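Q: Structure in structure tokens, see below.
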2 protein chains.
Amino acid sequence: MQEVIDAPAQPAVREPGLREAKKLATKRALSSAARRLGVEHGLDAVTVEMICADAGVSIRTFFNYFESKEAAIVGDAPAIGTTGSQQAFVDGGPTGNLLADLMTLLDPTLAIETEGREEITRAFQLIQSEPKVLALQLSRGVEHERILAELIAARRGLPGVDSTCTTMAAVAQTALRRGGFEWFLSDGQRPVSAHLDDASAALRTLLTG
Amino acid sequence: MQEVIDAPAQPAVREPGLREAKKLATKRALSSAARRLGVEHGLDAVTVEMICADAGVSIRTFFNYFESKEAAIVGDAPAIGTTGSQQAFVDGGPTGNLLADLMTLLDPTLAIETEGREEITRAFQLIQSEPKVLALQLSRGVEHERILAELIAARRGLPGVDSTCTTMAAVAQTALRRGGFEWFLSDGQRPVSAHLDDASAALRTLLTG
DNA sequence: TCCAATGCTGCATCAAGTGCAATAATGCAT
DNA sequence: ATGCATTATTGCACTTGATGCAGCATTGGA
């Protein structure tokens, strides 16, 4: 009962093995297949079985990686900055402008760098055309909203999250989402920050007009 | 092939018959049962079969009324004001303040009047605790956002919806949602408008610092 | 009272999703 | 290289969600 299990030196510190790489590759393959097939045939016409056939794994394995068909399309929620950039935000940086600083935490350009434009474009299309996918994507945002509210509270020196922080987080996220959306549509013609400025302007108009 | 089907005088103008009343009652019973059971046992532990047993109809009938278990809980999307109040909004009324006027279109007090506080409270609880329900509720908001953007464009005298209108609609809806949320939590201690003012203040703070 | 319209139901069917136990692949220590 | 412990993959059985279809029951009106 109180047998010790050999004390495995570093329990779970490093993990860049071949095993991890393969898992990541499988996950990517499933996401990619789901997106490709979904765009081509419409999500309802694509079964998990087809996705698995395309990726070369069993159905059961699919559900070891994703909770649902939609989850494979949306992918994992991106992290909110790094520990360092979160701390910088709390300390009032990097620019001092709240909305702009939040944008650095939820930078939409990162997803393209890590997954590639092709992948993101397909995911983007499906979010717009498939209600189920949209619904999942939106509910993902709720977790982000919670974290943003905490960061905002810390930045403002409050002991905890209050109603104001939550509202600021919710509205900021909406504005950032709109900015990112327009930026993606414009295909990088203008920088993200320019679209964010547009969103800020709209926000101002909402208050004054 | 070109047989005419008797031209039914008024096709679908009036409908206050006993038939309609029964349909509405069934729909209400299903929603109510879904909410009650969902709150009590958790949504995953409640099958459509249980809901139907409670409401006294067959499973097949359930799916004649709702597309999914979650849809029964959320209920139909409330209308955005009346034709009249929409026109008043477009004309710049009723108060001249954009956010306040939008609140009159998405008045959260209406749901309580039509469905009763009990029902709304249970739906509210489930939206907060069940991700699937939350997801559906949020995706419902997208349709609202589209309509709000059109109304805002009309109010501002624009020929069509542009990026700014959409952002204003998205942000306004978020702020209104937050105001309504806090109002419901406060159990009517303060009027809806007071909570909306809080949201406006948070919005201002977001822009200034 | 009969009839047309429409709502309700049972049945068959498919797809999503989960638990479990057997199997295969991997990393590591010898 | 070889064996062993770990962990990923898979097949299978099963529950539930969801839909099409066809027959039955109810309703409202002539």
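Labeling convention for the structure tokens: chains A, B, ... as they appear, residues from 1 per chain, ligands from 1 in order of appearance.
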Would you superpose chain B on chain A, least squares on all C-alpha atoms in order, and hand back the fitted chain as a tab-separated table (two decimals) with C-alpha atoms, in the first residue's frame?
A:
```
chain	number	residue	atom	x	y	z
B	1	MET	CA	-1.72	-0.41	-0.35
B	2	GLN	CA	1.02	2.03	0.64
B	3	GLU	CA	3.48	0.72	-1.92
B	4	VAL	CA	5.58	3.49	-3.41
B	5	ILE	CA	5.91	3.57	-7.17
B	6	ASP	CA	9.63	4.02	-7.56
B	7	ALA	CA	9.82	7.82	-7.60
B	8	PRO	CA	10.41	8.60	-11.31
B	9	ALA	CA	13.20	11.20	-11.07
B	10	GLN	CA	11.72	13.97	-13.29
B	11	PRO	CA	8.03	13.06	-13.61
B	12	ALA	CA	7.01	15.15	-16.61
B	13	VAL	CA	9.52	17.91	-17.10
B	14	ARG	CA	10.92	17.38	-20.60
B	15	GLU	CA	9.03	15.88	-23.48
B	16	PRO	CA	10.63	16.51	-26.90
B	17	GLY	CA	10.81	12.84	-27.85
B	18	LEU	CA	9.87	11.08	-31.03
B	19	ARG	CA	6.73	9.93	-29.31
B	20	GLU	CA	5.52	13.46	-28.73
B	21	ALA	CA	6.32	14.46	-32.28
B	22	LYS	CA	4.23	11.62	-33.65
B	23	LYS	CA	1.31	12.55	-31.44
B	24	LEU	CA	1.43	16.11	-32.62
B	25	ALA	CA	1.62	14.97	-36.23
B	26	THR	CA	-1.42	12.74	-35.78
B	27	LYS	CA	-3.35	15.54	-34.15
B	28	ARG	CA	-2.46	17.90	-36.97
B	29	ALA	CA	-3.42	15.31	-39.56
B	30	LEU	CA	-6.81	14.81	-37.96
B	31	SER	CA	-7.49	18.53	-37.69
B	32	SER	CA	-6.36	19.09	-41.23
B	33	ALA	CA	-8.46	16.25	-42.61
B	34	ALA	CA	-11.52	17.42	-40.68
B	35	ARG	CA	-11.16	20.94	-42.03
B	36	ARG	CA	-10.47	19.92	-45.59
B	37	LEU	CA	-13.36	17.48	-45.76
B	38	GLY	CA	-15.63	19.84	-43.87
B	39	VAL	CA	-15.05	22.69	-46.30
B	40	GLU	CA	-15.49	20.39	-49.28
B	41	HIS	CA	-18.63	18.46	-48.34
B	42	GLY	CA	-20.16	20.38	-45.46
B	43	LEU	CA	-19.73	19.24	-41.91
B	44	ASP	CA	-22.90	17.15	-41.72
B	45	ALA	CA	-21.84	15.09	-44.71
B	46	VAL	CA	-18.49	14.28	-43.13
B	47	THR	CA	-18.35	11.47	-40.59
B	48	VAL	CA	-15.61	10.92	-38.08
B	49	GLU	CA	-14.98	7.69	-39.91
B	50	MET	CA	-14.08	9.59	-43.10
B	51	ILE	CA	-11.76	11.90	-41.21
B	52	CYS	CA	-9.99	8.92	-39.68
B	53	ALA	CA	-9.68	7.16	-42.99
B	54	ASP	CA	-8.05	10.28	-44.38
B	55	ALA	CA	-5.65	10.59	-41.45
B	56	GLY	CA	-4.95	6.87	-41.28
B	57	VAL	CA	-6.00	6.18	-37.70
B	58	SER	CA	-8.89	4.40	-36.04
B	59	ILE	CA	-12.06	6.09	-34.90
B	60	ARG	CA	-11.19	5.32	-31.32
B	61	THR	CA	-7.93	7.19	-31.72
B	62	PHE	CA	-9.77	10.24	-33.01
B	63	PHE	CA	-11.64	10.47	-29.74
B	64	ASN	CA	-8.41	10.07	-27.83
B	65	TYR	CA	-7.37	13.38	-29.33
B	66	PHE	CA	-10.58	15.34	-29.61
B	67	GLU	CA	-13.85	15.42	-27.72
B	68	SER	CA	-15.91	15.96	-30.81
B	69	LYS	CA	-15.81	16.49	-34.55
B	70	GLU	CA	-16.09	20.23	-33.99
B	71	ALA	CA	-13.15	20.24	-31.60
B	72	ALA	CA	-10.91	18.81	-34.31
B	73	ILE	CA	-11.82	21.71	-36.56
B	74	VAL	CA	-11.44	24.46	-33.99
B	75	GLY	CA	-8.24	23.02	-32.55
B	76	ASP	CA	-6.77	23.81	-29.17
B	77	ALA	CA	-7.39	27.22	-27.68
B	78	PRO	CA	-4.32	29.42	-28.18
B	79	ALA	CA	-2.47	30.46	-25.06
B	80	ILE	CA	-2.98	34.02	-23.80
B	81	GLY	CA	0.48	35.40	-24.35
B	82	THR	CA	3.42	33.98	-22.43
B	83	THR	CA	4.06	34.20	-18.71
B	84	GLY	CA	6.39	37.06	-19.49
B	85	SER	CA	4.00	39.03	-21.68
B	86	GLN	CA	1.23	38.52	-19.12
B	87	GLN	CA	3.47	40.04	-16.46
B	88	ALA	CA	4.31	42.92	-18.77
B	89	PHE	CA	0.61	43.53	-19.26
B	90	VAL	CA	-0.06	43.53	-15.56
B	91	ASP	CA	2.74	46.06	-15.14
B	92	GLY	CA	0.99	48.41	-17.54
B	93	GLY	CA	2.84	47.59	-20.73
B	94	PRO	CA	3.80	47.25	-23.40
B	95	THR	CA	2.22	50.46	-24.80
B	96	GLY	CA	0.05	51.72	-21.97
B	97	ASN	CA	-3.06	51.54	-24.13
B	98	LEU	CA	-5.34	48.91	-22.69
B	99	LEU	CA	-6.92	47.61	-25.88
B	100	ALA	CA	-3.65	47.57	-27.78
B	101	ASP	CA	-1.94	45.75	-24.95
B	102	LEU	CA	-4.69	43.17	-24.85
B	103	MET	CA	-4.19	42.64	-28.56
B	104	THR	CA	-0.60	41.63	-27.93
B	105	LEU	CA	-1.90	38.87	-25.65
B	106	LEU	CA	-4.48	37.60	-28.14
B	107	ASP	CA	-2.44	38.14	-31.26
B	108	PRO	CA	-4.28	36.54	-34.20
B	109	THR	CA	-1.14	36.45	-36.33
B	110	LEU	CA	0.34	33.75	-34.10
B	111	ALA	CA	-2.17	31.12	-35.19
B	112	ILE	CA	-1.19	31.62	-38.82
B	113	GLU	CA	2.48	31.26	-38.00
B	114	THR	CA	2.05	28.03	-36.09
B	115	GLU	CA	-0.61	26.35	-38.20
B	116	GLY	CA	-0.23	27.93	-41.60
B	117	ARG	CA	-2.58	30.15	-43.54
B	118	GLU	CA	-4.28	27.28	-45.34
B	119	GLU	CA	-5.38	25.63	-42.14
B	120	ILE	CA	-6.59	28.80	-40.51
B	121	THR	CA	-8.49	29.83	-43.61
B	122	ARG	CA	-10.40	26.56	-43.66
B	123	ALA	CA	-11.13	26.75	-39.94
B	124	PHE	CA	-12.27	30.32	-40.48
B	125	GLN	CA	-14.63	29.30	-43.26
B	126	LEU	CA	-16.15	26.56	-41.15
B	127	ILE	CA	-16.61	28.83	-38.16
B	128	GLN	CA	-18.67	31.08	-40.37
B	129	SER	CA	-20.71	28.42	-42.13
B	130	GLU	CA	-21.24	25.73	-39.50
B	131	PRO	CA	-23.28	26.69	-36.43
B	132	LYS	CA	-21.86	23.85	-34.36
B	133	VAL	CA	-18.31	24.98	-35.00
B	134	LEU	CA	-19.19	28.59	-34.30
B	135	ALA	CA	-20.81	27.57	-31.04
B	136	LEU	CA	-17.73	25.76	-29.86
B	137	GLN	CA	-15.45	28.61	-30.86
B	138	LEU	CA	-17.58	31.10	-28.96
B	139	SER	CA	-17.71	29.01	-25.82
B	140	ARG	CA	-13.93	28.79	-25.95
B	141	GLY	CA	-13.94	32.56	-25.62
B	142	VAL	CA	-15.59	32.36	-22.23
B	143	GLU	CA	-12.49	30.87	-20.66
B	144	HIS	CA	-10.43	33.61	-22.27
B	145	GLU	CA	-12.78	36.22	-20.91
B	146	ARG	CA	-12.25	34.90	-17.40
B	147	ILE	CA	-8.48	35.07	-17.72
B	148	LEU	CA	-8.54	38.51	-19.31
B	149	ALA	CA	-10.69	39.78	-16.46
B	150	GLU	CA	-8.11	38.55	-13.96
B	151	LEU	CA	-5.28	40.18	-15.85
B	152	ILE	CA	-7.16	43.46	-16.08
B	153	ALA	CA	-7.90	43.36	-12.38
B	154	ALA	CA	-4.22	42.80	-11.64
B	155	ARG	CA	-3.17	45.60	-13.98
B	156	ARG	CA	-5.53	47.98	-12.24
B	157	GLY	CA	-4.20	46.96	-8.86
B	158	LEU	CA	-7.45	45.45	-7.64
B	159	PRO	CA	-7.48	42.62	-5.12
B	160	GLY	CA	-9.83	40.55	-7.29
B	161	VAL	CA	-12.08	40.49	-10.30
B	162	ASP	CA	-15.17	42.65	-10.05
B	163	SER	CA	-18.09	43.28	-12.35
B	164	THR	CA	-16.29	46.12	-14.10
B	165	CYS	CA	-13.25	44.00	-14.93
B	166	THR	CA	-15.43	41.27	-16.34
B	167	THR	CA	-17.32	43.72	-18.51
B	168	MET	CA	-14.11	45.27	-19.72
B	169	ALA	CA	-12.74	41.84	-20.57
B	170	ALA	CA	-15.92	40.81	-22.37
B	171	VAL	CA	-16.15	43.99	-24.42
B	172	ALA	CA	-12.45	44.04	-25.16
B	173	GLN	CA	-12.55	40.49	-26.38
B	174	THR	CA	-15.47	41.29	-28.63
B	175	ALA	CA	-13.68	44.29	-30.09
B	176	LEU	CA	-10.50	42.29	-30.57
B	177	ARG	CA	-12.43	39.50	-32.22
B	178	ARG	CA	-13.98	41.98	-34.62
B	179	GLY	CA	-10.62	43.53	-35.37
B	180	GLY	CA	-9.05	40.16	-36.02
B	181	PHE	CA	-11.97	39.13	-38.16
B	182	GLU	CA	-11.72	42.14	-40.43
B	183	TRP	CA	-7.96	41.79	-40.58
B	184	PHE	CA	-8.26	38.22	-41.74
B	185	LEU	CA	-10.86	39.18	-44.33
B	186	SER	CA	-8.60	41.94	-45.66
B	187	ASP	CA	-5.92	39.27	-46.15
B	188	GLY	CA	-3.22	41.29	-44.44
B	189	GLN	CA	-3.59	44.40	-46.59
B	190	ARG	CA	-3.54	46.51	-43.47
B	191	PRO	CA	-1.86	45.58	-40.18
B	192	VAL	CA	-3.88	44.13	-37.34
B	193	SER	CA	-3.43	47.32	-35.36
B	194	ALA	CA	-5.21	49.36	-38.02
B	195	HIS	CA	-8.28	47.16	-37.78
B	196	LEU	CA	-8.10	47.37	-34.03
B	197	ASP	CA	-8.14	51.16	-34.32
B	198	ASP	CA	-11.28	50.86	-36.42
B	199	ALA	CA	-12.86	48.80	-33.68
B	200	SER	CA	-11.85	51.35	-31.06
B	201	ALA	CA	-13.43	54.08	-33.14
B	202	ALA	CA	-16.65	52.11	-33.42
B	203	LEU	CA	-16.61	51.64	-29.68
B	204	ARG	CA	-16.27	55.38	-29.19
B	205	THR	CA	-19.12	56.05	-31.57
B	206	LEU	CA	-21.27	53.62	-29.66
B	207	LEU	CA	-20.78	55.66	-26.50
B	208	THR	CA	-21.22	59.11	-28.01
B	209	GLY	CA	-24.05	58.64	-30.36
```
Q: Env of segment 23-28 of chain C: 10 Å cut, atoms = only C-alpha atoms (C1' of nucleotides), seq-sep filter 6 positions within chain, self excluded. Answer as a list in words.
A: Gly17, Leu18 and Arg19 of chain A; DC4, DA5, DT6, DT7, DA8, DT9, DT10 and DG11 of chain D
Q: May I ask for the distance between atom C1' of DG7 of chain C and atom C1' of DG17 of chain D, given in Å to one decimal place?
A: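 Going from atom C1' of DG7 of chain C over to atom C1' of DG17 of chain D covers 22.5 Å.
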Q: Which residues in segment 131-208 of chain B does DSSP call alpha helix (DSSP H)? List them as a ChimeraX atom specification.
A: /B:131-155,163-185,192-208
Q: For the interface of chain C with chain A (cut-off 8 Å, counting only C-alpha atoms (C1' of nucleotides)), please tabulate each contacting residue of chain C alongside its nearest pair of atoms and their separation in Å to one decimal, rows sorted by chain and increasing number, as JSON lines.
A:
```
{"residue": "C:DA15", "atom": "C1'", "partner": "A:Thr47", "partner_atom": "CA", "distance": 7.4}
{"residue": "C:DA16", "atom": "C1'", "partner": "A:Ser68", "partner_atom": "CA", "distance": 7.9}
{"residue": "C:DG17", "atom": "C1'", "partner": "A:Phe63", "partner_atom": "CA", "distance": 7.8}
{"residue": "C:DT26", "atom": "C1'", "partner": "A:Arg19", "partner_atom": "CA", "distance": 6.9}
```
Q: Could you list, with a cut-off of 10 Å and counting only C-alpha atoms (C1' of nucleotides), the residues of chain D near chain B, each shown with its nearest atom pair and the distance in Å rounded to one decimal, rows sorted by chain and ascending number, as JSON lines?
A:
```
{"residue": "D:DT16", "atom": "C1'", "partner": "B:Thr47", "partner_atom": "CA", "distance": 7.5}
{"residue": "D:DG17", "atom": "C1'", "partner": "B:Ser68", "partner_atom": "CA", "distance": 7.9}
{"residue": "D:DA18", "atom": "C1'", "partner": "B:Phe63", "partner_atom": "CA", "distance": 7.8}
{"residue": "D:DT19", "atom": "C1'", "partner": "B:Phe63", "partner_atom": "CA", "distance": 9.0}
{"residue": "D:DT26", "atom": "C1'", "partner": "B:Arg19", "partner_atom": "CA", "distance": 9.4}
{"residue": "D:DT27", "atom": "C1'", "partner": "B:Arg19", "partner_atom": "CA", "distance": 6.9}
{"residue": "D:DG28", "atom": "C1'", "partner": "B:Gly17", "partner_atom": "CA", "distance": 8.7}
```
Q: Just write the chosen residues, N, CA and C atoms (P, O5', C5', C4', C3', O3' and C1' of nucleotides), as a PDB file, in the first residue's frame.
A:
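out_33.pdb, freshly written:
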```
ATOM      1  P    DT D  16     -29.143   5.720 -22.436  1.00  0.00           P
ATOM      2  O5'  DT D  16     -29.002   6.913 -23.487  1.00  0.00           O
ATOM      3  C5'  DT D  16     -27.888   7.772 -23.394  1.00  0.00           C
ATOM      4  C4'  DT D  16     -27.808   8.637 -24.617  1.00  0.00           C
ATOM      5  C3'  DT D  16     -29.144   9.306 -25.019  1.00  0.00           C
ATOM      6  O3'  DT D  16     -28.982  10.702 -24.948  1.00  0.00           O
ATOM      7  C1'  DT D  16     -28.026   8.355 -26.908  1.00  0.00           C
ATOM      8  P    DG D  17     -30.149  11.702 -25.402  1.00  0.00           P
ATOM      9  O5'  DG D  17     -29.680  12.140 -26.857  1.00  0.00           O
ATOM     10  C5'  DG D  17     -28.349  12.637 -27.033  1.00  0.00           C
ATOM     11  C4'  DG D  17     -28.135  13.055 -28.463  1.00  0.00           C
ATOM     12  C3'  DG D  17     -29.222  13.945 -29.058  1.00  0.00           C
ATOM     13  O3'  DG D  17     -28.610  14.890 -29.930  1.00  0.00           O
ATOM     14  C1'  DG D  17     -29.081  11.948 -30.314  1.00  0.00           C
ATOM     15  P    DA D  18     -29.478  16.100 -30.484  1.00  0.00           P
ATOM     16  O5'  DA D  18     -30.071  15.511 -31.830  1.00  0.00           O
ATOM     17  C5'  DA D  18     -29.173  15.308 -32.919  1.00  0.00           C
ATOM     18  C4'  DA D  18     -29.891  14.587 -34.031  1.00  0.00           C
ATOM     19  C3'  DA D  18     -31.216  15.217 -34.497  1.00  0.00           C
ATOM     20  O3'  DA D  18     -31.009  15.694 -35.818  1.00  0.00           O
ATOM     21  C1'  DA D  18     -31.321  12.850 -34.419  1.00  0.00           C
ATOM     22  P    DT D  19     -32.163  16.460 -36.606  1.00  0.00           P
ATOM     23  O5'  DT D  19     -32.648  15.363 -37.656  1.00  0.00           O
ATOM     24  C5'  DT D  19     -31.686  14.707 -38.470  1.00  0.00           C
ATOM     25  C4'  DT D  19     -32.385  13.709 -39.368  1.00  0.00           C
ATOM     26  C3'  DT D  19     -33.706  14.200 -39.969  1.00  0.00           C
ATOM     27  O3'  DT D  19     -33.692  13.969 -41.367  1.00  0.00           O
ATOM     28  C1'  DT D  19     -33.988  12.091 -38.959  1.00  0.00           C
ATOM     29  P    DT D  26     -57.579  10.418 -30.511  1.00  0.00           P
ATOM     30  O5'  DT D  26     -57.574  11.975 -30.850  1.00  0.00           O
ATOM     31  C5'  DT D  26     -56.346  12.679 -30.755  1.00  0.00           C
ATOM     32  C4'  DT D  26     -56.460  14.007 -31.466  1.00  0.00           C
ATOM     33  C3'  DT D  26     -57.757  14.786 -31.184  1.00  0.00           C
ATOM     34  O3'  DT D  26     -57.398  16.051 -30.684  1.00  0.00           O
ATOM     35  C1'  DT D  26     -57.291  14.731 -33.506  1.00  0.00           C
ATOM     36  P    DT D  27     -58.526  17.006 -29.984  1.00  0.00           P
ATOM     37  O5'  DT D  27     -58.696  18.153 -31.081  1.00  0.00           O
ATOM     38  C5'  DT D  27     -57.530  18.739 -31.628  1.00  0.00           C
ATOM     39  C4'  DT D  27     -57.852  19.427 -32.934  1.00  0.00           C
ATOM     40  C3'  DT D  27     -59.080  20.344 -32.880  1.00  0.00           C
ATOM     41  O3'  DT D  27     -58.654  21.684 -33.031  1.00  0.00           O
ATOM     42  C1'  DT D  27     -59.020  19.007 -34.870  1.00  0.00           C
ATOM     43  P    DG D  28     -59.646  22.887 -32.660  1.00  0.00           P
ATOM     44  O5'  DG D  28     -60.166  23.309 -34.112  1.00  0.00           O
ATOM     45  C5'  DG D  28     -59.204  23.511 -35.134  1.00  0.00           C
ATOM     46  C4'  DG D  28     -59.916  23.744 -36.448  1.00  0.00           C
ATOM     47  C3'  DG D  28     -61.175  24.608 -36.346  1.00  0.00           C
ATOM     48  O3'  DG D  28     -61.177  25.549 -37.395  1.00  0.00           O
ATOM     49  C1'  DG D  28     -61.710  22.510 -37.328  1.00  0.00           C
TER      50       DG D  28
END
```
